[in-house]
$ cat coords12.txt   # compact mmCIF, C-alpha atoms
# COMPACT_ATOMS: atom_id res chain seq x y z
CA MET A 1 91.83 137.91 71.74
CA GLN A 2 91.74 135.51 74.65
CA ARG A 3 88.13 134.50 74.02
CA LYS A 4 88.76 133.98 70.32
CA LYS A 5 91.60 131.60 71.09
CA LEU A 6 89.39 129.53 73.39
CA LYS A 7 86.63 129.15 70.84
CA ARG A 8 88.77 127.89 67.97
CA LEU A 9 88.58 124.15 67.38
CA THR A 10 92.04 122.70 66.98
CA LEU A 11 92.92 119.40 65.35
CA PHE A 12 93.26 118.01 68.87
CA ASP A 13 89.64 118.94 69.65
CA VAL A 14 88.47 117.29 66.45
CA VAL A 15 90.27 114.04 67.30
CA VAL A 16 88.84 114.11 70.84
CA LEU A 17 85.34 114.70 69.51
CA ILE A 18 85.63 111.89 66.96
CA VAL A 19 86.89 109.41 69.57
CA SER A 20 84.16 110.26 72.08
CA ALA A 21 81.45 110.25 69.43
CA GLY A 22 82.70 106.80 68.39
CA ALA A 23 82.51 105.65 72.01
CA CYS A 24 78.94 106.94 72.24
CA PHE A 25 78.02 105.17 69.02
CA ILE A 26 79.37 101.76 70.03
CA THR A 27 77.56 101.94 73.36
CA ILE A 28 74.21 103.21 72.08
CA TYR A 29 73.96 101.34 68.80
CA PRO A 30 73.83 97.72 70.13
CA MET A 31 71.08 98.66 72.58
CA TRP A 32 69.20 100.62 69.94
CA TYR A 33 69.59 97.70 67.53
CA VAL A 34 68.08 95.28 70.04
CA ILE A 35 65.14 97.63 70.58
CA ILE A 36 64.38 98.13 66.89
CA MET A 37 64.89 94.44 66.15
CA SER A 38 62.36 93.49 68.78
CA ILE A 39 59.65 95.86 67.58
CA SER A 40 60.21 95.25 63.88
CA ASP A 41 58.39 92.83 61.64
CA PRO A 42 60.04 89.41 62.23
CA VAL A 43 60.27 88.68 58.50
CA VAL A 44 62.09 91.93 57.77
CA ALA A 45 64.28 91.61 60.87
CA ALA A 46 65.40 88.08 59.94
CA GLY A 47 66.25 89.20 56.41
CA SER A 48 68.72 91.93 57.47
CA GLY A 49 66.34 94.75 56.57
CA VAL A 50 66.76 96.60 59.88
CA THR A 51 69.66 98.96 60.41
CA PHE A 52 68.71 102.27 61.99
CA TRP A 53 64.93 102.50 62.11
CA PRO A 54 62.29 99.88 62.91
CA SER A 55 60.38 98.71 59.89
CA GLY A 56 56.87 97.34 59.72
CA PHE A 57 56.09 96.86 63.43
CA MET B 1 98.82 98.97 127.89
CA PRO B 2 95.11 98.14 128.40
CA SER B 3 94.41 101.66 129.64
CA ILE B 4 95.89 103.13 126.44
CA LEU B 5 93.77 100.75 124.38
CA LYS B 6 90.70 101.72 126.36
CA ARG B 7 91.34 105.39 125.81
CA ASP B 8 91.97 104.86 122.13
CA VAL B 9 88.67 103.04 121.74
CA ARG B 10 86.81 105.68 123.75
CA ASP B 11 88.29 108.57 121.76
CA ASN B 12 87.74 107.01 118.36
CA ILE B 13 84.57 105.05 119.00
CA ASP B 14 82.78 106.48 115.95
CA TYR B 15 85.58 105.37 113.60
CA TYR B 16 85.66 101.92 115.14
CA LEU B 17 81.89 101.63 114.73
CA MET B 18 82.17 102.61 111.07
CA MET B 19 84.90 100.03 110.59
CA LEU B 20 82.79 97.38 112.26
CA VAL B 21 80.30 97.20 109.37
CA PRO B 22 82.76 96.10 106.63
CA PHE B 23 84.54 93.95 109.18
CA ILE B 24 81.36 92.00 109.98
CA LEU B 25 80.55 91.76 106.28
CA ILE B 26 83.96 90.31 105.44
CA PHE B 27 83.83 87.99 108.42
CA ILE B 28 80.42 86.55 107.55
CA PHE B 29 80.87 86.24 103.79
CA SER B 30 84.59 85.55 103.45
CA TYR B 31 85.87 83.96 106.65
CA LEU B 32 82.98 81.84 107.93
CA PRO B 33 82.57 79.97 104.60
CA MET B 34 86.25 78.97 104.80
CA PHE B 35 85.23 76.33 107.28
CA GLY B 36 83.52 74.56 104.38
CA LEU B 37 86.94 73.99 102.77
CA ILE B 38 87.16 71.03 105.12
CA ILE B 39 85.10 68.97 102.67
CA SER B 40 87.93 69.08 100.13
CA PHE B 41 89.80 66.62 102.38
CA GLN B 42 86.82 64.26 102.63
CA ASP B 43 84.60 62.18 100.40
CA TYR B 44 81.65 64.43 101.07
CA SER B 45 78.12 63.81 99.94
CA ALA B 46 75.31 66.30 100.32
CA GLY B 47 73.36 66.29 103.59
CA LYS B 48 76.08 64.66 105.70
CA PRO B 49 77.74 66.54 108.56
CA PHE B 50 81.22 68.04 108.07
CA LEU B 51 82.60 66.51 111.26
CA GLY B 52 81.70 63.42 113.25
CA ALA B 53 81.52 59.68 113.02
CA GLY B 54 80.52 59.02 109.40
CA VAL B 55 83.11 61.30 107.77
CA LYS B 56 85.50 59.66 105.32
CA TRP B 57 88.85 61.49 105.37
CA VAL B 58 90.80 61.06 102.16
CA GLY B 59 93.70 63.49 102.59
CA LEU B 60 94.93 65.13 99.41
CA LYS B 61 93.20 62.70 97.02
CA HIS B 62 91.06 65.36 95.33
CA PHE B 63 93.95 67.80 95.04
CA SER B 64 96.22 65.34 93.28
CA LYS B 65 93.34 64.19 91.10
CA PHE B 66 92.74 67.76 89.93
CA ILE B 67 96.40 68.61 89.38
CA ASN B 68 97.01 65.39 87.47
CA SER B 69 93.88 65.63 85.36
CA TYR B 70 93.92 66.46 81.67
CA TYR B 71 91.88 69.59 82.31
CA PHE B 72 94.28 71.24 84.77
CA THR B 73 96.73 72.75 82.27
CA ARG B 74 93.97 73.60 79.81
CA ILE B 75 91.93 75.42 82.45
CA LEU B 76 94.94 77.23 83.82
CA ARG B 77 96.03 78.31 80.35
CA ASN B 78 92.53 79.53 79.45
CA THR B 79 92.21 81.41 82.72
CA LEU B 80 95.53 83.15 82.21
CA VAL B 81 94.96 83.88 78.51
CA LEU B 82 91.46 85.28 78.99
CA ASN B 83 92.46 87.41 81.93
CA LEU B 84 95.68 88.66 80.37
CA MET B 85 93.76 89.67 77.26
CA ASN B 86 91.15 91.29 79.44
CA LEU B 87 93.88 93.18 81.27
CA ALA B 88 95.74 94.14 78.10
CA MET B 89 92.61 95.43 76.35
CA GLY B 90 90.48 96.52 79.25
CA PHE B 91 92.99 98.30 81.41
CA TRP B 92 94.09 101.18 79.22
CA VAL B 93 90.71 101.84 77.59
CA PRO B 94 89.12 103.50 80.68
CA ILE B 95 92.24 105.61 81.24
CA VAL B 96 92.34 106.85 77.66
CA PHE B 97 88.59 107.35 77.71
CA ALA B 98 88.72 109.38 80.91
CA ILE B 99 91.45 111.63 79.51
CA THR B 100 89.52 112.01 76.26
CA VAL B 101 86.28 112.90 78.05
CA ASN B 102 88.16 115.40 80.16
CA GLU B 103 89.43 117.11 77.00
CA ILE B 104 86.03 117.42 75.29
CA PRO B 105 85.57 121.14 74.60
CA SER B 106 81.77 121.28 74.85
CA SER B 107 80.26 120.70 78.26
CA PRO B 108 76.82 119.25 77.26
CA PHE B 109 78.48 116.72 74.97
CA LYS B 110 80.91 115.84 77.76
CA LYS B 111 78.00 115.01 80.09
CA PHE B 112 76.21 113.12 77.34
CA THR B 113 79.29 110.99 76.57
CA GLN B 114 79.77 110.17 80.24
CA THR B 115 76.14 109.19 80.78
CA VAL B 116 76.01 107.09 77.64
CA SER B 117 79.21 105.24 78.47
CA TYR B 118 77.91 104.25 81.92
CA MET B 119 74.82 102.63 80.47
CA PRO B 120 76.22 99.18 79.59
CA ASN B 121 77.26 98.76 83.20
CA PHE B 122 73.63 98.93 84.30
CA ILE B 123 72.51 96.22 81.91
CA SER B 124 72.63 92.81 83.54
CA SER B 125 75.43 90.47 82.39
CA VAL B 126 72.80 87.99 81.29
CA VAL B 127 71.22 90.50 78.93
CA VAL B 128 74.61 91.63 77.61
CA ALA B 129 75.60 88.02 76.95
CA GLY B 130 72.27 87.38 75.24
CA MET B 131 72.79 90.39 72.99
CA VAL B 132 76.35 89.36 72.12
CA ILE B 133 75.32 85.80 71.36
CA SER B 134 72.56 87.01 69.04
CA PHE B 135 74.98 89.42 67.32
CA ILE B 136 77.57 86.71 66.60
CA ALA B 137 75.06 84.09 65.52
CA ASN B 138 75.02 83.09 61.84
CA ASP B 139 72.56 85.83 60.88
CA GLY B 140 73.67 88.28 63.58
CA ILE B 141 74.76 91.80 62.78
CA ILE B 142 78.45 91.31 63.63
CA THR B 143 78.69 88.20 61.47
CA ARG B 144 77.02 90.07 58.62
CA LEU B 145 79.34 93.05 59.12
CA ILE B 146 82.48 90.90 58.98
CA ASN B 147 81.18 89.05 55.94
CA GLY B 148 80.36 92.38 54.34
CA MET B 149 83.98 93.46 54.76
CA GLY B 150 85.04 90.52 52.62
CA PHE B 151 85.98 87.88 55.19
CA GLN B 152 84.09 84.62 55.15
CA VAL B 153 83.09 83.71 58.70
CA LYS B 154 80.42 81.36 59.93
CA SER B 155 79.12 80.69 63.43
CA ILE B 156 81.55 82.77 65.48
CA ASN B 157 79.87 81.43 68.62
CA ALA B 158 81.11 77.91 67.88
CA ASN B 159 84.61 79.01 66.83
CA SER B 160 87.04 78.32 69.65
CA GLY B 161 89.66 80.69 68.23
CA ALA B 162 87.23 83.61 68.36
CA PHE B 163 86.01 83.10 71.90
CA PRO B 164 88.79 85.01 73.71
CA TRP B 165 88.10 88.03 71.51
CA VAL B 166 84.36 87.83 71.99
CA TYR B 167 84.82 87.59 75.73
CA THR B 168 87.38 90.38 75.96
CA LEU B 169 85.50 92.83 73.77
CA THR B 170 82.24 92.16 75.61
CA ASN B 171 83.93 92.88 78.91
CA VAL B 172 85.58 96.03 77.62
CA TRP B 173 82.30 97.25 76.15
CA LYS B 174 80.45 96.63 79.38
CA ASN B 175 83.01 98.11 81.76
CA PHE B 176 85.00 100.92 80.15
CA GLY B 177 82.60 103.74 81.02
CA TRP B 178 82.08 102.70 84.58
CA SER B 179 85.78 102.13 85.26
CA SER B 180 86.58 105.55 83.84
CA ILE B 181 84.60 107.30 86.62
CA LEU B 182 87.38 106.68 89.11
CA TYR B 183 90.02 108.04 86.74
CA LEU B 184 87.86 111.04 85.87
CA SER B 185 87.43 111.91 89.52
CA SER B 186 91.19 111.74 90.03
CA ILE B 187 91.62 114.10 87.06
CA THR B 188 89.15 116.64 88.45
CA ALA B 189 91.11 116.64 91.72
CA ILE B 190 94.15 118.09 89.94
CA ASP B 191 94.84 121.73 90.79
CA PRO B 192 93.99 123.90 87.73
CA ALA B 193 96.91 126.17 88.62
CA LEU B 194 99.24 123.43 87.41
CA TYR B 195 97.63 123.48 83.96
CA GLU B 196 97.82 127.26 83.89
CA SER B 197 101.50 127.34 84.75
CA ALA B 198 102.14 124.59 82.20
CA GLU B 199 100.39 126.74 79.63
CA ILE B 200 102.50 129.76 80.52
CA ASP B 201 105.57 127.59 80.05
CA GLY B 202 104.34 126.86 76.55
CA ALA B 203 103.05 123.32 76.93
CA THR B 204 100.81 121.94 74.20
CA ARG B 205 97.69 120.04 75.21
CA LEU B 206 99.35 116.67 74.66
CA GLN B 207 102.26 117.80 76.81
CA LYS B 208 99.83 118.92 79.51
CA ILE B 209 98.27 115.45 79.49
CA TRP B 210 101.66 113.77 79.56
CA PHE B 211 103.37 115.93 82.18
CA VAL B 212 100.48 116.99 84.44
CA THR B 213 97.48 114.66 84.12
CA LEU B 214 99.26 111.31 83.87
CA PRO B 215 101.71 111.77 86.77
CA PHE B 216 98.77 112.65 89.01
CA MET B 217 96.85 109.56 87.88
CA LEU B 218 99.82 107.24 88.31
CA PRO B 219 99.21 106.15 91.95
CA LEU B 220 95.60 105.29 91.13
CA ILE B 221 96.63 103.45 87.97
CA VAL B 222 99.17 101.36 89.88
CA ILE B 223 96.67 100.48 92.63
CA GLN B 224 94.07 99.53 90.02
CA LEU B 225 96.67 97.39 88.25
CA ILE B 226 97.50 95.52 91.45
CA PHE B 227 93.81 94.88 92.05
CA ALA B 228 93.36 93.72 88.47
CA VAL B 229 96.30 91.32 88.68
CA GLY B 230 95.08 89.98 92.01
CA GLY B 231 91.61 89.30 90.69
CA MET B 232 93.02 87.71 87.56
CA LEU B 233 92.39 84.08 88.39
CA SER B 234 88.96 84.51 89.90
CA SER B 235 87.23 87.27 87.98
CA ASN B 236 84.35 87.09 85.58
CA THR B 237 83.35 83.48 85.83
CA ASP B 238 79.79 84.58 85.20
CA MET B 239 80.60 86.25 81.88
CA VAL B 240 82.43 83.16 80.60
CA LEU B 241 79.61 80.96 81.84
CA LEU B 242 77.05 83.04 79.97
CA LEU B 243 79.00 83.37 76.73
CA TYR B 244 80.48 79.92 76.23
CA ASN B 245 79.02 76.70 74.94
CA SER B 246 80.35 73.16 74.73
CA ALA B 247 81.85 73.82 71.27
CA VAL B 248 84.39 76.29 72.66
CA TYR B 249 85.36 74.59 75.93
CA SER B 250 88.92 74.19 74.65
CA THR B 251 89.54 77.94 74.85
CA ALA B 252 86.75 79.09 77.15
CA ASP B 253 86.74 76.75 80.11
CA VAL B 254 88.19 78.58 83.12
CA ILE B 255 88.66 77.47 86.71
CA GLY B 256 85.39 79.00 87.86
CA THR B 257 83.27 77.35 85.17
CA TYR B 258 85.02 74.03 85.64
CA VAL B 259 84.45 74.11 89.40
CA TYR B 260 80.82 75.05 88.78
CA ARG B 261 80.23 72.19 86.32
CA GLU B 262 82.06 69.59 88.37
CA SER B 263 80.84 70.45 91.84
CA LEU B 264 77.34 71.81 91.36
CA LEU B 265 76.20 70.13 88.16
CA GLY B 266 78.20 66.95 88.65
CA ALA B 267 77.61 66.81 92.44
CA LYS B 268 81.34 66.19 93.10
CA TYR B 269 81.44 68.66 95.96
CA SER B 270 84.78 67.63 97.45
CA TYR B 271 86.55 67.67 94.11
CA GLY B 272 85.11 71.09 93.23
CA THR B 273 86.10 72.52 96.59
CA ALA B 274 89.65 71.20 96.21
CA SER B 275 90.04 72.80 92.77
CA GLY B 276 88.55 76.03 94.09
CA LEU B 277 91.03 76.05 96.97
CA ILE B 278 93.95 75.58 94.56
CA LEU B 279 92.62 78.55 92.59
CA GLY B 280 92.38 80.66 95.72
CA VAL B 281 95.97 79.92 96.74
CA MET B 282 97.20 80.77 93.23
CA SER B 283 95.29 84.07 93.25
CA PHE B 284 96.84 84.95 96.58
CA ILE B 285 100.33 84.26 95.24
CA LEU B 286 99.57 86.42 92.19
CA VAL B 287 98.35 89.43 94.15
CA TYR B 288 101.26 89.13 96.55
CA ALA B 289 103.74 89.00 93.66
CA ALA B 290 102.09 91.95 91.91
CA ASN B 291 102.25 94.01 95.06
CA TRP B 292 105.89 93.08 95.62
CA VAL B 293 106.85 94.01 92.06
CA SER B 294 104.99 97.29 92.37
CA ARG B 295 106.70 98.16 95.64
CA ARG B 296 110.07 97.49 94.06
CA LEU B 297 109.47 99.31 90.78
CA THR B 298 107.40 102.24 91.96
CA ASP B 299 106.81 103.55 95.45
CA PHE B 300 103.17 102.54 95.54
CA SER B 301 101.78 99.36 97.03
CA LEU B 302 98.67 98.17 98.80
CA TRP B 303 100.47 97.19 101.97
$ encode --input "coords12.txt" --output "structure tokens"
Amino acid sequence: MQRKKLKRLTLFDVVVLIVSAGACFITIYPMWYVIIMSISDPVVAAGSGVTFWPSGF
Amino acid sequence: MPSILKRDVRDNIDYYLMMLVPFILIFIFSYLPMFGLIISFQDYSAGKPFLGAGVKWVGLKHFSKFINSYYFTRILRNTLVLNLMNLAMGFWVPIVFAITVNEIPSSPFKKFTQTVSYMPNFISSVVVAGMVISFIANDGIITRLINGMGFQVKSINANSGAFPWVYTLTNVWKNFGWSSILYLSSITAIDPALYESAEIDGATRLQKIWFVTLPFMLPLIVIQLIFAVGGMLSSNTDMVLLLYNSAVYSTADVIGTYVYRESLLGAKYSYGTASGLILGVMSFILVYAANWVSRRLTDFSLW
């Protein structure tokens, strides 16, 4: 009974997880973006073709 | 009394030795350079001695010149606006973030979030500013994102209305994780028995945060607030210097950048020193006032 109660995700947990995942995203993404921009093909990078993965080295 | 003093020193010699290190540091880097303030009362040119025969004393000429100049109110307003925005946005984010991290149910994800949020602090300000400037350029990702949402914006980096936001958000992004460490450590110091008894009394998790976590963090929050208010006039010159350009001087030029441009780039050393001294006095008044208000309103103060 006690253990079951601990394992259940409440709405509060969901909100907490969403907020912290958002914080992770806004810290990682700019750095990741700079990395993939710098190793991508300059023509593709200049033309907004790069979002999540590097394209055309 | 000397014998008491002698005994005190002998009994606590290790503590006095530990205190000596920061004392020497502060003396060398904060007190010795104060002698250089003497050039704000002279017409100083580089290479001349501070004292002696050839010194031209001009009294308060540079002070009145700075206070009466067109830039004085603009610089003061920018300094206050930028720092108040920084305080208003940057102060509560680490607190909320620390509480949020503390409430994360899964332990690996908790560690991951903490580690990730520290990362921007380890990137040099120069690199952060370079990234931000490239993001808000005409073909940068933030400009494209805002345009994609239906607003028409061009060259955010030359838009003087946008600069305070760019500056504030950059600072918040860079510092929120690192500042939250202190709050997190104060949260972990709270006795778990308090949470347990709160739970027995039927407190929800929000109530536990409000009635247990926050009251324990309050002294730290107040001290941090006093520090933040005291550093308001002097902080983050480097970030402004890295992010601004001549198109946004009207909202971006702060005391630090103005002193830097006038005294080091323009070689007006006396004038720059005088404006820097005015800034220092104003900062002192601010921190003193903040401490006084805090002592009156709450029971916590620095001295």
$ atom_distance --input "coords12.txt" --atom1 "CA of Lys208 (chain B)" --atom2 "CA of Tyr195 (chain B)"
6.7 Å
$ residues_around --input "coords12.txt" --residues "Leu184 (chain B)" --least-positions-apart "6" --cutoff "12 Å" --atoms "only C-alpha atoms" --output "list in words"
Pro94, Ile95, Val96, Phe97, Ala98, Ile99, Thr100, Val101, Asn102, Glu103, Lys110, Gln114, Phe176, Gly177, Trp178, Ile190, Thr213, Leu214, Phe216, Met217, Leu220 and Ile221 of chain B
$ write_last_selection --input "coords12.txt" --atoms "C-alpha atoms" --output "CSV table (one decimal), in the coordinates of the input"
chain,number,residue,atom,x,y,z
B,94,PRO,CA,89.1,103.5,80.7
B,95,ILE,CA,92.2,105.6,81.2
B,96,VAL,CA,92.3,106.8,77.7
B,97,PHE,CA,88.6,107.4,77.7
B,98,ALA,CA,88.7,109.4,80.9
B,99,ILE,CA,91.4,111.6,79.5
B,100,THR,CA,89.5,112.0,76.3
B,101,VAL,CA,86.3,112.9,78.0
B,102,ASN,CA,88.2,115.4,80.2
B,103,GLU,CA,89.4,117.1,77.0
B,110,LYS,CA,80.9,115.8,77.8
B,114,GLN,CA,79.8,110.2,80.2
B,176,PHE,CA,85.0,100.9,80.2
B,177,GLY,CA,82.6,103.7,81.0
B,178,TRP,CA,82.1,102.7,84.6
B,190,ILE,CA,94.2,118.1,89.9
B,213,THR,CA,97.5,114.7,84.1
B,214,LEU,CA,99.3,111.3,83.9
B,216,PHE,CA,98.8,112.6,89.0
B,217,MET,CA,96.8,109.6,87.9
B,220,LEU,CA,95.6,105.3,91.1
B,221,ILE,CA,96.6,103.4,88.0
$ interface_residues --input "coords12.txt" --of "chain B" --to "chain A" --cutoff "10 Å" --atoms "all atoms listed in the file" --output "PyMOL selection string"
chain B and resi 97-106+109-110+112-120+123+128+131-132+134-135+139-141+144+173-174+176-177+205-206
$ write_last_selection --input "coords12.txt" --atoms "C-alpha atoms" --output "compact mmCIF listing (two decimals), in the coordinates of the input"
# COMPACT_ATOMS: atom_id res chain seq x y z
CA PHE B 97 88.59 107.35 77.71
CA ALA B 98 88.72 109.38 80.91
CA ILE B 99 91.45 111.63 79.51
CA THR B 100 89.52 112.01 76.26
CA VAL B 101 86.28 112.90 78.05
CA ASN B 102 88.16 115.40 80.16
CA GLU B 103 89.43 117.11 77.00
CA ILE B 104 86.03 117.42 75.29
CA PRO B 105 85.57 121.14 74.60
CA SER B 106 81.77 121.28 74.85
CA PHE B 109 78.48 116.72 74.97
CA LYS B 110 80.91 115.84 77.76
CA PHE B 112 76.21 113.12 77.34
CA THR B 113 79.29 110.99 76.57
CA GLN B 114 79.77 110.17 80.24
CA THR B 115 76.14 109.19 80.78
CA VAL B 116 76.01 107.09 77.64
CA SER B 117 79.21 105.24 78.47
CA TYR B 118 77.91 104.25 81.92
CA MET B 119 74.82 102.63 80.47
CA PRO B 120 76.22 99.18 79.59
CA ILE B 123 72.51 96.22 81.91
CA VAL B 128 74.61 91.63 77.61
CA MET B 131 72.79 90.39 72.99
CA VAL B 132 76.35 89.36 72.12
CA SER B 134 72.56 87.01 69.04
CA PHE B 135 74.98 89.42 67.32
CA ASP B 139 72.56 85.83 60.88
CA GLY B 140 73.67 88.28 63.58
CA ILE B 141 74.76 91.80 62.78
CA ARG B 144 77.02 90.07 58.62
CA TRP B 173 82.30 97.25 76.15
CA LYS B 174 80.45 96.63 79.38
CA PHE B 176 85.00 100.92 80.15
CA GLY B 177 82.60 103.74 81.02
CA ARG B 205 97.69 120.04 75.21
CA LEU B 206 99.35 116.67 74.66
$ closest_atom_pairs --input "coords12.txt" --of "region 47-85 of chain B" --to "region 269-284 of chain B" --cutoff "8 Å" --atoms "only C-alpha atoms" --output "Markdown table"
| residue | atom | partner | partner_atom | distance |
| --- | --- | --- | --- | --- |
| B:His62 | CA | B:Tyr271 | CA | 5.2 |
| B:Phe63 | CA | B:Ala274 | CA | 5.6 |
| B:Phe66 | CA | B:Ser275 | CA | 6.4 |
$ write_last_selection --input "coords12.txt" --atoms "C-alpha atoms" --output "PDB file, keeping the file's coordinate frame"
ATOM      1  CA  HIS B  62      91.060  65.360  95.330  1.00  0.00           C
ATOM      2  CA  PHE B  63      93.950  67.800  95.040  1.00  0.00           C
ATOM      3  CA  PHE B  66      92.740  67.760  89.930  1.00  0.00           C
TER       4      PHE B  66
END
$ atom_distance --input "coords12.txt" --atom1 "CA of Asn175 (chain B)" --atom2 "CA of Leu218 (chain B)"
20.2 Å
$ closest_residue --input "coords12.txt" --among "B:Ser250, B:Ser125, B:Leu145, B:Gly202" --to "Asn159 (chain B)" --atoms "all atoms listed in the file"
B:Ser250
$ atom_distance --input "coords12.txt" --atom1 "CA of Val55 (chain B)" --atom2 "CA of Ser40 (chain B)"
11.9 Å
$ residues_around --input "coords12.txt" --residues "Met89 (chain B)" --least-positions-apart "6" --cutoff "9 Å" --atoms "all atoms listed in the file" --output "ChimeraX atom specification"
/B:168-169,172
$ residues_around --input "coords12.txt" --residues "Thr79 (chain B)" --least-positions-apart "2" --cutoff "12 Å" --atoms "all atoms listed in the file" --output "VMD selection string"
chain B and resid 71 to 77 81 to 87 164 167 231 to 237 240 249 to 258 279 282 to 283
$ residues_around --input "coords12.txt" --residues "Ile35 (chain A)" --least-positions-apart "6" --cutoff "10 Å" --atoms "all atoms listed in the file" --output "list in words"
Tyr29, Trp53 and Pro54 of chain A
$ closest_residue --input "coords12.txt" --among "B:Glu199, B:Leu241, B:Ala228, B:Val9" --to "Ala129 (chain B)" --atoms "all atoms listed in the file"
B:Leu241
